[in-house]
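Here is final30.pdb, consisting of PDB, C-alpha atoms:
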ATOM      1  CA  MET Z  25      59.988   1.409 -34.404
ATOM      2  CA  LYS Z  26      62.284  -1.457 -33.412
ATOM      3  CA  ARG Z  27      62.384  -0.339 -29.784
ATOM      4  CA  LYS Z  28      58.601   0.117 -29.766
ATOM      5  CA  GLY Z  29      58.118  -3.346 -31.227
ATOM      6  CA  GLU Z  30      60.489  -4.849 -28.680
ATOM      7  CA  ALA Z  31      58.636  -3.086 -25.869
ATOM      8  CA  MET Z  32      55.286  -4.384 -27.113
ATOM      9  CA  GLY Z  33      56.750  -7.861 -27.468
ATOM     10  CA  ALA Z  34      58.127  -7.711 -23.952
ATOM     11  CA  ALA Z  35      54.759  -6.586 -22.612
ATOM     12  CA  GLN Z  36      52.977  -9.413 -24.419
ATOM     13  CA  SER Z  37      55.518 -11.913 -23.148
ATOM     14  CA  SER Z  38      55.098 -10.638 -19.615
ATOM     15  CA  ASP Z  39      51.273 -10.793 -19.872
ATOM     16  CA  SER Z  40      51.345 -14.299 -21.275
ATOM     17  CA  LYS Z  41      53.428 -15.519 -18.338
ATOM     18  CA  HIS Z  42      51.212 -13.935 -15.693
ATOM     19  CA  ARG Z  43      47.697 -15.227 -15.087
ATOM     20  CA  VAL Z  44      45.377 -13.515 -12.605
ATOM     21  CA  THR Z  45      44.562 -16.024  -9.893
ATOM     22  CA  SER Z  46      41.153 -16.264  -8.223
ATOM     23  CA  ASP Z  47      42.663 -14.913  -4.983
ATOM     24  CA  GLU Z  48      44.064 -11.867  -6.807
ATOM     25  CA  GLN Z  49      40.741 -11.335  -8.544
ATOM     26  CA  GLU Z  50      38.949 -11.585  -5.189
ATOM     27  CA  HIS Z  51      41.293  -8.981  -3.708
ATOM     28  CA  PHE Z  52      40.941  -6.647  -6.689
ATOM     29  CA  PHE Z  53      37.118  -6.653  -6.539
ATOM     30  CA  SER Z  54      36.838  -6.796  -2.741
ATOM     31  CA  VAL Z  55      34.226  -4.367  -1.360
ATOM     32  CA  PRO Z  56      32.464  -4.389   2.046
ATOM     33  CA  LEU Z  57      29.373  -6.594   1.713
ATOM     34  CA  GLU Z  58      26.865  -3.961   2.817
ATOM     35  CA  ILE Z  59      28.225  -1.486   0.242
ATOM     36  CA  LEU Z  60      28.290  -4.116  -2.482
ATOM     37  CA  GLU Z  61      24.688  -5.075  -1.723
ATOM     38  CA  GLU Z  62      23.582  -1.445  -1.966
ATOM     39  CA  ILE Z  63      25.349  -1.109  -5.316
ATOM     40  CA  PHE Z  64      23.609  -4.244  -6.598
ATOM     41  CA  LEU Z  65      20.251  -2.925  -5.396
ATOM     42  CA  ASN Z  66      20.702   0.020  -7.736
ATOM     43  CA  LEU Z  67      21.612  -2.059 -10.785
ATOM     44  CA  PRO Z  68      19.130  -3.710 -13.182
ATOM     45  CA  PRO Z  69      18.242  -7.130 -11.707
ATOM     46  CA  TYR Z  70      19.153  -9.073 -14.860
ATOM     47  CA  GLN Z  71      22.605  -7.440 -14.849
ATOM     48  CA  VAL Z  72      23.148  -8.624 -11.271
ATOM     49  CA  VAL Z  73      22.269 -12.218 -12.213
ATOM     50  CA  HIS Z  74      23.960 -12.482 -15.613
ATOM     51  CA  ILE Z  75      27.057 -10.329 -15.088
ATOM     52  CA  CYS Z  76      27.835  -9.382 -11.484
ATOM     53  CA  ARG Z  77      27.557 -12.872  -9.999
ATOM     54  CA  LEU Z  78      30.186 -14.143 -12.485
ATOM     55  CA  VAL Z  79      32.934 -11.720 -11.391
ATOM     56  CA  CYS Z  80      34.224 -13.434  -8.231
ATOM     57  CA  ARG Z  81      33.151 -15.492  -5.224
ATOM     58  CA  GLN Z  82      32.236 -12.447  -3.129
ATOM     59  CA  TRP Z  83      30.050 -10.943  -5.842
ATOM     60  CA  LYS Z  84      28.359 -14.297  -6.441
ATOM     61  CA  GLU Z  85      27.683 -14.646  -2.723
ATOM     62  CA  VAL Z  86      26.003 -11.238  -2.575
ATOM     63  CA  SER Z  87      24.145 -11.780  -5.870
ATOM     64  CA  ASP Z  88      22.679 -15.022  -4.543
ATOM     65  CA  SER Z  89      21.951 -13.774  -1.023
ATOM     66  CA  GLU Z  90      18.451 -13.878   0.406
ATOM     67  CA  SER Z  91      18.878 -10.409   1.940
ATOM     68  CA  LEU Z  92      19.543  -8.788  -1.458
ATOM     69  CA  TRP Z  93      16.369 -10.126  -3.093
ATOM     70  CA  ARG Z  94      14.243  -9.697   0.019
ATOM     71  CA  GLU Z  95      15.267  -6.024   0.101
ATOM     72  CA  ARG Z  96      14.542  -5.646  -3.648
ATOM     73  CA  CYS Z  97      11.063  -7.033  -3.020
ATOM     74  CA  ARG Z  98      10.551  -4.604  -0.143
ATOM     75  CA  ARG Z  99      11.695  -1.585  -2.162
ATOM     76  CA  GLU Z 100       9.581  -2.494  -5.166
ATOM     77  CA  ARG Z 101       6.610  -3.460  -2.988
ATOM     78  CA  TYR Z 102       6.391  -7.083  -4.046
ATOM     79  CA  ARG Z 103       4.710  -8.978  -1.233
ATOM     80  CA  LEU Z 104       2.536 -12.023  -0.679
ATOM     81  CA  ARG Z 105      -1.179 -11.475  -0.135
ATOM     82  CA  ASP Z 106      -0.841 -13.563   3.023
ATOM     83  CA  ALA Z 107       1.713 -11.687   5.137
ATOM     84  CA  SER Z 108       2.143 -14.690   7.450
ATOM     85  CA  LYS Z 109       3.833 -16.687   4.653
ATOM     86  CA  THR Z 110       7.428 -16.347   3.448
ATOM     87  CA  PRO Z 111       8.822 -17.253  -0.005
ATOM     88  CA  GLU Z 112      11.273 -20.151  -0.027
ATOM     89  CA  ASP Z 113      13.342 -18.478  -2.763
ATOM     90  CA  TRP Z 114      13.324 -14.662  -2.650
ATOM     91  CA  ARG Z 115      15.123 -14.314  -5.982
ATOM     92  CA  LEU Z 116      12.584 -16.522  -7.776
ATOM     93  CA  PHE Z 117       9.746 -14.706  -6.019
ATOM     94  CA  TYR Z 118      11.161 -11.348  -7.145
ATOM     95  CA  PHE Z 119      11.439 -12.301 -10.823
ATOM     96  CA  LEU Z 120       8.006 -13.944 -10.890
ATOM     97  CA  CYS Z 121       6.516 -10.761  -9.441
ATOM     98  CA  LYS Z 122       8.544  -8.613 -11.837
ATOM     99  CA  LYS Z 123       7.302 -10.536 -14.885
ATOM    100  CA  ARG Z 124       3.752 -11.121 -13.627
ATOM    101  CA  ARG Z 125       1.095  -9.853 -16.028
ATOM    102  CA  ASN Z 126      -1.957 -10.995 -17.930
ATOM    103  CA  LEU Z 127      -0.746 -13.147 -20.829
ATOM    104  CA  LEU Z 128      -4.103 -12.876 -22.626
ATOM    105  CA  LYS Z 129      -4.450 -10.034 -25.115
ATOM    106  CA  ASN Z 130      -7.607  -7.911 -25.357
ATOM    107  CA  PRO Z 131      -9.384  -9.652 -22.436
ATOM    108  CA  ARG Z 132     -12.170  -7.047 -22.145
ATOM    109  CA  GLY Z 133     -13.186  -6.558 -25.765
ATOM    110  CA  GLU Z 134     -11.743  -3.059 -25.950
ATOM    111  CA  HIS Z 135     -10.290  -3.903 -29.383
ATOM    112  CA  LYS Z 136     -13.320  -5.825 -30.650
ATOM    113  CA  MET Z 137     -12.327  -9.443 -31.417
ATOM    114  CA  LYS Z 138      -8.628  -8.746 -32.013
ATOM    115  CA  ASN Z 139      -6.241 -11.503 -30.778
ATOM    116  CA  TRP Z 140      -9.089 -14.013 -30.343
ATOM    117  CA  GLN Z 141      -9.637 -17.036 -32.583
ATOM    118  CA  ILE Z 142     -13.346 -17.645 -33.128
ATOM    119  CA  LEU Z 143     -14.033 -21.361 -32.767
ATOM    120  CA  GLU Z 144     -17.835 -21.230 -32.844
ATOM    121  CA  ASN Z 145     -19.954 -18.255 -33.876
ATOM    122  CA  GLY Z 146     -23.523 -19.525 -33.516
ATOM    123  CA  GLY Z 147     -26.815 -17.660 -33.561
ATOM    124  CA  ASP Z 148     -26.232 -14.008 -34.344
ATOM    125  CA  ASN Z 149     -22.482 -14.393 -33.603
ATOM    126  CA  TRP Z 150     -20.304 -12.851 -30.920
ATOM    127  CA  LYS Z 151     -20.870  -9.186 -30.067
ATOM    128  CA  ILE Z 152     -19.148  -6.554 -27.888
ATOM    129  CA  GLU Z 153     -21.399  -4.522 -25.566
ATOM    130  CA  GLU Z 154     -21.133  -2.226 -22.569
ATOM    131  CA  VAL Z 155     -21.538  -4.094 -19.269
ATOM    132  CA  MET Z 156     -25.168  -4.314 -18.113
ATOM    133  CA  VAL Z 157     -24.270  -4.171 -14.416
ATOM    134  CA  PRO Z 158     -21.079  -2.714 -12.883
ATOM    135  CA  HIS Z 159     -18.137  -5.093 -12.802
ATOM    136  CA  PRO Z 160     -16.190  -5.583  -9.509
ATOM    137  CA  ASN Z 161     -13.198  -4.136 -11.362
ATOM    138  CA  GLU Z 162     -14.209  -0.540 -12.103
ATOM    139  CA  ALA Z 163     -11.808  -0.469 -15.073
ATOM    140  CA  VAL Z 164     -13.985  -3.006 -16.927
ATOM    141  CA  HIS Z 165     -16.576  -1.325 -19.156
ATOM    142  CA  LYS Z 166     -17.110  -3.833 -21.971
ATOM    143  CA  ASN Z 167     -17.833  -7.533 -22.333
ATOM    144  CA  PHE Z 168     -18.164 -10.195 -25.018
ATOM    145  CA  VAL Z 169     -21.762 -11.378 -25.499
ATOM    146  CA  THR Z 170     -22.923 -14.751 -26.834
ATOM    147  CA  SER Z 171     -26.053 -15.500 -28.864
ATOM    148  CA  TYR Z 172     -28.634 -18.325 -29.206
ATOM    149  CA  GLY Z 173     -26.135 -20.711 -30.827
ATOM    150  CA  MET Z 174     -22.898 -21.844 -29.181
ATOM    151  CA  CYS Z 175     -20.184 -19.159 -29.251
ATOM    152  CA  LYS Z 176     -16.577 -20.052 -28.350
ATOM    153  CA  LYS Z 177     -13.305 -18.196 -28.703
ATOM    154  CA  SER Z 178      -9.706 -19.049 -27.880
ATOM    155  CA  GLN Z 179      -6.161 -17.750 -27.467
ATOM    156  CA  LEU Z 180      -2.895 -19.682 -27.676
ATOM    157  CA  ILE Z 181      -0.104 -18.359 -25.438
ATOM    158  CA  ASP Z 182       3.494 -19.111 -26.461
ATOM    159  CA  LEU Z 183       5.389 -19.093 -23.147
ATOM    160  CA  ALA Z 184       8.840 -18.664 -24.712
ATOM    161  CA  MET Z 185       7.600 -15.645 -26.674
ATOM    162  CA  GLU Z 186       6.296 -14.196 -23.402
ATOM    163  CA  GLY Z 187       9.715 -14.528 -21.740
ATOM    164  CA  TYR Z 188       9.313 -17.876 -19.930
ATOM    165  CA  SER Z 189      12.028 -20.139 -21.344
ATOM    166  CA  PRO Z 190      11.703 -23.959 -21.538
ATOM    167  CA  LEU Z 191      14.514 -24.292 -18.972
ATOM    168  CA  PHE Z 192      12.735 -21.944 -16.566
ATOM    169  CA  MET Z 193       9.350 -23.664 -16.966
ATOM    170  CA  ASP Z 194      10.783 -27.163 -16.570
ATOM    171  CA  HIS Z 195      12.997 -26.360 -13.584
ATOM    172  CA  PHE Z 196      10.695 -24.142 -11.517
ATOM    173  CA  GLN Z 197       7.225 -25.140 -12.769
ATOM    174  CA  PRO Z 198       5.709 -21.886 -11.469
ATOM    175  CA  ASP Z 199       1.991 -21.796 -10.706
ATOM    176  CA  ILE Z 200      -0.223 -20.835 -13.651
ATOM    177  CA  ARG Z 201      -3.333 -18.977 -12.507
ATOM    178  CA  ILE Z 202      -6.534 -18.797 -14.559
ATOM    179  CA  SER Z 203      -9.320 -16.284 -13.951
ATOM    180  CA  ASP Z 204     -12.475 -15.514 -15.928
ATOM    181  CA  TRP Z 205     -15.555 -13.372 -15.261
ATOM    182  CA  TYR Z 206     -18.986 -14.329 -16.575
ATOM    183  CA  ALA Z 207     -22.567 -13.125 -16.072
ATOM    184  CA  PRO Z 208     -26.047 -13.977 -17.419
ATOM    185  CA  ARG Z 209     -28.835 -11.627 -18.431
ATOM    186  CA  TRP Z 210     -31.563 -11.483 -15.813
ATOM    187  CA  ASP Z 211     -34.386 -12.156 -18.302
ATOM    188  CA  CYS Z 212     -32.959 -15.172 -20.175
ATOM    189  CA  GLY Z 213     -31.438 -18.510 -19.262
ATOM    190  CA  SER Z 214     -27.868 -19.171 -20.417
ATOM    191  CA  LYS Z 215     -24.845 -21.411 -20.013
ATOM    192  CA  TYR Z 216     -21.092 -20.833 -19.608
ATOM    193  CA  VAL Z 217     -18.159 -23.071 -20.596
ATOM    194  CA  ILE Z 218     -14.390 -22.825 -20.081
ATOM    195  CA  HIS Z 219     -11.564 -25.136 -21.146
ATOM    196  CA  VAL Z 220      -7.859 -24.425 -20.451
ATOM    197  CA  GLU Z 221      -4.973 -26.655 -21.527
ATOM    198  CA  LEU Z 222      -1.246 -26.704 -20.821
ATOM    199  CA  LEU Z 223       0.417 -27.935 -24.020
ATOM    200  CA  ASN Z 224       3.810 -29.422 -24.888
ATOM    201  CA  GLN Z 225       6.013 -28.521 -27.872
ATOM    202  CA  LYS Z 226       3.787 -30.576 -30.198
ATOM    203  CA  LYS Z 227       0.733 -28.774 -28.750
ATOM    204  CA  LYS Z 228      -0.536 -31.921 -27.062
ATOM    205  CA  ALA Z 229      -2.286 -31.495 -23.702
ATOM    206  CA  VAL Z 230      -0.154 -32.061 -20.599
ATOM    207  CA  LYS Z 231      -2.782 -30.857 -18.114
ATOM    208  CA  THR Z 232      -6.380 -29.722 -18.606
ATOM    209  CA  PHE Z 233      -8.896 -27.679 -16.631
ATOM    210  CA  ALA Z 234     -12.423 -28.347 -17.888
ATOM    211  CA  PRO Z 235     -15.125 -27.864 -15.245
ATOM    212  CA  GLU Z 236     -18.740 -28.795 -15.870
ATOM    213  CA  THR Z 237     -20.930 -26.385 -17.832
ATOM    214  CA  ILE Z 238     -22.576 -23.760 -15.627
ATOM    215  CA  TYR Z 239     -26.274 -23.043 -16.228
ATOM    216  CA  PHE Z 240     -28.357 -20.015 -15.249
ATOM    217  CA  GLU Z 241     -32.127 -19.970 -15.052
ATOM    218  CA  GLN Z 242     -34.306 -17.172 -16.401
ATOM    219  CA  TRP Z 243     -35.039 -14.335 -13.939
ATOM    220  CA  ASN Z 244     -31.687 -14.522 -12.177
ATOM    221  CA  ASP Z 245     -29.762 -11.733 -10.405
ATOM    222  CA  GLN Z 246     -27.426 -11.240 -13.450
ATOM    223  CA  LYS Z 247     -24.463 -10.626 -11.127
ATOM    224  CA  TRP Z 248     -20.833 -11.219 -12.129
ATOM    225  CA  ASN Z 249     -19.226 -14.539 -11.180
ATOM    226  CA  GLN Z 250     -15.524 -15.408 -11.198
ATOM    227  CA  MET Z 251     -13.996 -18.709 -12.262
ATOM    228  CA  THR Z 252     -10.478 -19.320 -10.897
ATOM    229  CA  TYR Z 253      -8.032 -22.196 -11.051
ATOM    230  CA  SER Z 254      -4.294 -22.730 -10.527
ATOM    231  CA  PHE Z 255      -2.167 -25.319 -12.310
ATOM    232  CA  GLN Z 256       0.516 -26.648  -9.941
ATOM    233  CA  ASN Z 257       3.176 -29.380 -10.127
ATOM    234  CA  TYR Z 258       2.295 -30.047 -13.762
ATOM    235  CA  GLY Z 259       5.653 -31.562 -14.704
ATOM    236  CA  PRO Z 260       8.186 -30.651 -17.416
ATOM    237  CA  GLY Z 261       7.399 -29.959 -21.051
ATOM    238  CA  VAL Z 262       4.814 -27.157 -20.870
ATOM    239  CA  ARG Z 263       5.401 -24.717 -23.756
ATOM    240  CA  TYR Z 264       1.959 -23.264 -24.540
ATOM    241  CA  ILE Z 265      -1.335 -22.450 -22.831
ATOM    242  CA  ARG Z 266      -4.624 -22.635 -24.733
ATOM    243  CA  PHE Z 267      -7.492 -20.670 -23.151
ATOM    244  CA  THR Z 268     -11.021 -21.298 -24.494
ATOM    245  CA  HIS Z 269     -14.376 -20.073 -23.197
ATOM    246  CA  GLY Z 270     -17.874 -19.129 -24.292
ATOM    247  CA  GLY Z 271     -21.509 -20.178 -24.048
ATOM    248  CA  GLN Z 272     -24.969 -19.278 -25.308
ATOM    249  CA  ASP Z 273     -28.507 -18.508 -24.210
ATOM    250  CA  THR Z 274     -30.710 -21.541 -23.496
ATOM    251  CA  GLN Z 275     -33.987 -20.130 -24.776
ATOM    252  CA  TYR Z 276     -32.866 -19.572 -28.386
ATOM    253  CA  TRP Z 277     -33.912 -15.945 -28.577
ATOM    254  CA  ALA Z 278     -32.682 -14.015 -31.605
ATOM    255  CA  GLY Z 279     -30.103 -11.403 -30.683
ATOM    256  CA  TRP Z 280     -27.625 -11.423 -27.804
ATOM    257  CA  TYR Z 281     -29.188 -12.851 -24.660
ATOM    258  CA  GLY Z 282     -26.477 -15.395 -23.875
ATOM    259  CA  ILE Z 283     -23.677 -15.461 -21.304
ATOM    260  CA  ARG Z 284     -21.356 -12.461 -21.044
ATOM    261  CA  VAL Z 285     -17.604 -12.870 -20.457
ATOM    262  CA  THR Z 286     -14.830 -10.349 -19.758
ATOM    263  CA  ASP Z 287     -11.586  -9.579 -17.928
ATOM    264  CA  SER Z 288     -10.175 -13.061 -18.570
ATOM    265  CA  CYS Z 289      -6.660 -13.627 -17.232
ATOM    266  CA  VAL Z 290      -3.787 -16.118 -17.437
ATOM    267  CA  GLU Z 291      -0.698 -15.308 -15.389
ATOM    268  CA  ILE Z 292       2.460 -16.966 -14.059
ATOM    269  CA  CYS Z 293       2.531 -16.533 -10.262
ATOM    270  CA  PRO Z 294       4.670 -17.184  -7.193
ATOM    271  CA  ALA Z 295       3.573 -20.477  -5.628
ATOM    272  CA  LEU Z 296       2.237 -18.962  -2.392
ATOM    273  CA  ASP Z 297       0.345 -16.138  -4.086
ATOM    274  CA  THR Z 298      -2.266 -17.863  -6.290
TER     275      THR Z 298
END
Please re-express this file's structure in structure tokens.
Amino acid sequence: MKRKGEAMGAAQSSDSKHRVTSDEQEHFFSVPLEILEEIFLNLPPYQVVHICRLVCRQWKEVSDSESLWRERCRRERYRLRDASKTPEDWRLFYFLCKKRRNLLKNPRGEHKMKNWQILENGGDNWKIEEVMVPHPNEAVHKNFVTSYGMCKKSQLIDLAMEGYSPLFMDHFQPDIRISDWYAPRWDCGSKYVIHVELLNQKKKAVKTFAPETIYFEQWNDQKWNQMTYSFQNYGPGVRYIRFTHGGQDTQYWAGWYGIRVTDSCVEICPALDT
């Protein structure tokens, strides 16, 4: 036992005197760059960023390289709609594409009014119906329908809860794209409203998108229309997004003859792809 203890003590003493230098660490982990890049391409991306790049200078160099993230984008088929443009930061572009999704829940009324806060429920209230005319997106089969009194509904998106940290939002200020589809009935006049706000931690508006009310006359073509907008360069402090839309019919007919809305979308996008 004494000899074993002495041996352990000697080993500890030896370890305490020797510290691995950065040059020794670099030599220990040294791998040809092309092989190292291929290894990183087969690891989870967050592991590459949070673990691999901290090992040594060589691994950090490869982890931060444009070629690594450009190749990840190619393999996972992340590309800009405009092929003539090139991202300034391939790593940022990759992660924005990876996380890109609709942040609104139940945008097509497939789960009735779940996830929506009813702000105004005029006339005969909101209703879910099958689309009257085919939507450009063949996956859309239902829409929300307004009545003869003003109908409005809203969702509040917590960006941190959706995986976009305050540090990320403040540093990169990625584009925030809004999209909404709306259509009138052919036999009744109606109006459509939309109001979208970027909010700070106290839920005070930092930026607002509030276009003028859109009116439709009776005997229209009842086709689907798309409203789009992108928030850019909005400054630091954005923590929430409040999306509100709705409308009503303008002839005050009992029932559901007002504007129809569906397939609403709020997403965080690469700057060149909005």
Edge lengths and centre in Å, axis-aligned, stretch 149-156 of chain Z plus 6 Å each side, as AutoDock Vina command-line options:
--center_x -22.2 --center_y -8.3 --center_z -25.9 --size_x 18.0 --size_y 24.2 --size_z 27.5
Practice prompt. Apply the PyMOL selection byres ((chain Z and resi 88) around 12) to the structure shown and report the selected residues as a PyMOL selection string.
Written response: chain Z and resi 61+64+69+72-74+76-78+81-87+89-94+113-116
At a cut-off of 12 Å, can you tabulate as JSON lines every residue of stretch 120-194 of chain Z near stretch 226-246 of chain Z together with its closest atom pair and the distance in Å to one decimal, using all atoms listed in the file and ordering rows by chain then number?
{"residue": "Z:Val155", "atom": "CA", "partner": "Z:Gln246", "partner_atom": "CA", "distance": 10.9}
{"residue": "Z:Met156", "atom": "CA", "partner": "Z:Gln246", "partner_atom": "CA", "distance": 8.6}
{"residue": "Z:Val157", "atom": "CA", "partner": "Z:Gln246", "partner_atom": "CA", "distance": 7.8}
{"residue": "Z:Pro158", "atom": "CA", "partner": "Z:Gln246", "partner_atom": "CA", "distance": 10.6}
{"residue": "Z:His159", "atom": "CA", "partner": "Z:Gln246", "partner_atom": "CA", "distance": 11.2}
{"residue": "Z:Leu180", "atom": "CA", "partner": "Z:Lys227", "partner_atom": "CA", "distance": 9.8}
{"residue": "Z:Ile181", "atom": "CA", "partner": "Z:Lys227", "partner_atom": "CA", "distance": 11.0}
{"residue": "Z:Asp182", "atom": "CA", "partner": "Z:Lys227", "partner_atom": "CA", "distance": 10.3}
Discussion item. Show me, as a PyMOL selection string, the residues that have an atom within 10 Å of stretch 256-259 of chain Z when counting all atoms listed in the file, minus same-chain residues fewer than 6 positions from it.
Written reply: chain Z and resi 193-201+222+230-232+295+298
Worksheet item: So which residues touch Z:Lys123 within 10 Å, counting only C-alpha atoms, skipping near sequence neighbours fewer than 2 positions away, as an MDAnalysis selection string?
Response: chainID Z and resid 118:121 125:126 186:188 291:293
Polymer residues at most 10 Å from Z:Gly146, only C-alpha atoms, same-chain spacing of 6 or more positions, as an mmCIF file with C-alpha atoms, in the coordinates of the input:
data_model
loop_
_atom_site.group_PDB
_atom_site.id
_atom_site.type_symbol
_atom_site.label_atom_id
_atom_site.label_comp_id
_atom_site.auth_asym_id
_atom_site.auth_seq_id
_atom_site.Cartn_x
_atom_site.Cartn_y
_atom_site.Cartn_z
ATOM 1 C CA THR Z 170 -22.923 -14.751 -26.834
ATOM 2 C CA SER Z 171 -26.053 -15.500 -28.864
ATOM 3 C CA TYR Z 172 -28.634 -18.325 -29.206
ATOM 4 C CA GLY Z 173 -26.135 -20.711 -30.827
ATOM 5 C CA MET Z 174 -22.898 -21.844 -29.181
ATOM 6 C CA CYS Z 175 -20.184 -19.159 -29.251
ATOM 7 C CA LYS Z 176 -16.577 -20.052 -28.350
ATOM 8 C CA GLY Z 271 -21.509 -20.178 -24.048
ATOM 9 C CA GLN Z 272 -24.969 -19.278 -25.308
#
Discussion item. I'd like to know which of Z:Leu183, Z:Val169, Z:Ile63, Z:Cys289 is closest to Z:Asp204, using all atoms listed in the file.
Written reply: Z:Cys289
Worksheet entry | Minimum-distance residue to Z:Asn130, chosen among Z:Tyr70, Z:Phe117, Z:Asp106, Z:Ser178 (using all atoms listed in the file) |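 That would be Z:Ser178, the residue with the smallest distance to Z:Asn130.
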Item to complete: Point out the residue among Z:Trp280, Z:Tyr264, Z:Trp210, Z:Tyr253 with the least atom-to-atom distance to Z:Asn224, counting only C-alpha atoms.
Response: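 Of Z:Trp280, Z:Tyr264, Z:Trp210, Z:Tyr253, the one nearest Z:Asn224 is Z:Tyr264, counting only C-alpha atoms.
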Practice prompt. Provide the atom CA of Z:Val285 to atom CA of Z:Asn161 distance in Å, to one decimal place.
Written response: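 Atom CA of Z:Asn161 lies 13.4 Å from atom CA of Z:Val285.
For the choices Z:Tyr102, Z:Trp277, Z:Phe255, Z:Phe267, the atom-to-atom distance to Z:Lys177 is smallest for Z:Phe267 when using only C-alpha atoms.
Each of Z:Ala163, Z:Ile283, Z:Leu223, Z:Leu143 was checked against Z:Trp205 using all atoms listed in the file; the smallest atom-to-atom distance is that of Z:Ile283.
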Selecting all heavy atoms, how would stretch 228-233 of chain Z from this structure be written as a PDB file, in the first residue's frame?
ATOM      1  N   LYS Z 228     -42.847  46.428 -25.717  1.00  0.00           N
ATOM      2  CA  LYS Z 228     -43.095  47.707 -26.359  1.00  0.00           C
ATOM      3  C   LYS Z 228     -42.602  47.628 -27.800  1.00  0.00           C
ATOM      4  O   LYS Z 228     -41.575  46.999 -28.075  1.00  0.00           O
ATOM      5  CB  LYS Z 228     -42.378  48.853 -25.628  1.00  0.00           C
ATOM      6  CG  LYS Z 228     -42.775  48.998 -24.158  1.00  0.00           C
ATOM      7  CD  LYS Z 228     -44.227  49.405 -24.010  1.00  0.00           C
ATOM      8  CE  LYS Z 228     -44.584  49.625 -22.542  1.00  0.00           C
ATOM      9  NZ  LYS Z 228     -46.021  49.990 -22.370  1.00  0.00           N
ATOM     10  N   ALA Z 229     -43.314  48.261 -28.721  1.00  0.00           N
ATOM     11  CA  ALA Z 229     -42.985  48.155 -30.144  1.00  0.00           C
ATOM     12  C   ALA Z 229     -41.647  48.813 -30.473  1.00  0.00           C
ATOM     13  O   ALA Z 229     -41.377  49.956 -30.084  1.00  0.00           O
ATOM     14  CB  ALA Z 229     -44.087  48.774 -30.982  1.00  0.00           C
ATOM     15  N   VAL Z 230     -40.796  48.059 -31.174  1.00  0.00           N
ATOM     16  CA  VAL Z 230     -39.535  48.580 -31.699  1.00  0.00           C
ATOM     17  C   VAL Z 230     -39.714  48.980 -33.157  1.00  0.00           C
ATOM     18  O   VAL Z 230     -39.277  50.032 -33.594  1.00  0.00           O
ATOM     19  CB  VAL Z 230     -38.411  47.516 -31.583  1.00  0.00           C
ATOM     20  CG1 VAL Z 230     -37.130  47.997 -32.246  1.00  0.00           C
ATOM     21  CG2 VAL Z 230     -38.159  47.174 -30.117  1.00  0.00           C
ATOM     22  N   LYS Z 231     -40.386  48.126 -33.916  1.00  0.00           N
ATOM     23  CA  LYS Z 231     -40.727  48.382 -35.314  1.00  0.00           C
ATOM     24  C   LYS Z 231     -42.135  47.853 -35.579  1.00  0.00           C
ATOM     25  O   LYS Z 231     -42.554  46.863 -34.970  1.00  0.00           O
ATOM     26  CB  LYS Z 231     -39.741  47.709 -36.271  1.00  0.00           C
ATOM     27  CG  LYS Z 231     -38.332  48.262 -36.239  1.00  0.00           C
ATOM     28  CD  LYS Z 231     -38.261  49.636 -36.895  1.00  0.00           C
ATOM     29  CE  LYS Z 231     -36.828  50.155 -36.923  1.00  0.00           C
ATOM     30  NZ  LYS Z 231     -36.736  51.485 -37.559  1.00  0.00           N
ATOM     31  N   THR Z 232     -42.840  48.494 -36.508  1.00  0.00           N
ATOM     32  CA  THR Z 232     -44.217  48.103 -36.804  1.00  0.00           C
ATOM     33  C   THR Z 232     -44.462  48.070 -38.306  1.00  0.00           C
ATOM     34  O   THR Z 232     -43.987  48.950 -39.037  1.00  0.00           O
ATOM     35  CB  THR Z 232     -45.216  49.085 -36.153  1.00  0.00           C
ATOM     36  OG1 THR Z 232     -45.014  49.090 -34.737  1.00  0.00           O
ATOM     37  CG2 THR Z 232     -46.652  48.691 -36.454  1.00  0.00           C
ATOM     38  N   PHE Z 233     -45.205  47.059 -38.749  1.00  0.00           N
ATOM     39  CA  PHE Z 233     -45.692  47.004 -40.124  1.00  0.00           C
ATOM     40  C   PHE Z 233     -47.211  47.067 -40.057  1.00  0.00           C
ATOM     41  O   PHE Z 233     -47.856  46.172 -39.513  1.00  0.00           O
ATOM     42  CB  PHE Z 233     -45.241  45.705 -40.801  1.00  0.00           C
ATOM     43  CG  PHE Z 233     -45.887  45.473 -42.144  1.00  0.00           C
ATOM     44  CD1 PHE Z 233     -45.707  46.372 -43.195  1.00  0.00           C
ATOM     45  CD2 PHE Z 233     -46.689  44.354 -42.356  1.00  0.00           C
ATOM     46  CE1 PHE Z 233     -46.309  46.160 -44.427  1.00  0.00           C
ATOM     47  CE2 PHE Z 233     -47.285  44.126 -43.588  1.00  0.00           C
ATOM     48  CZ  PHE Z 233     -47.096  45.028 -44.626  1.00  0.00           C
TER      49      PHE Z 233
END
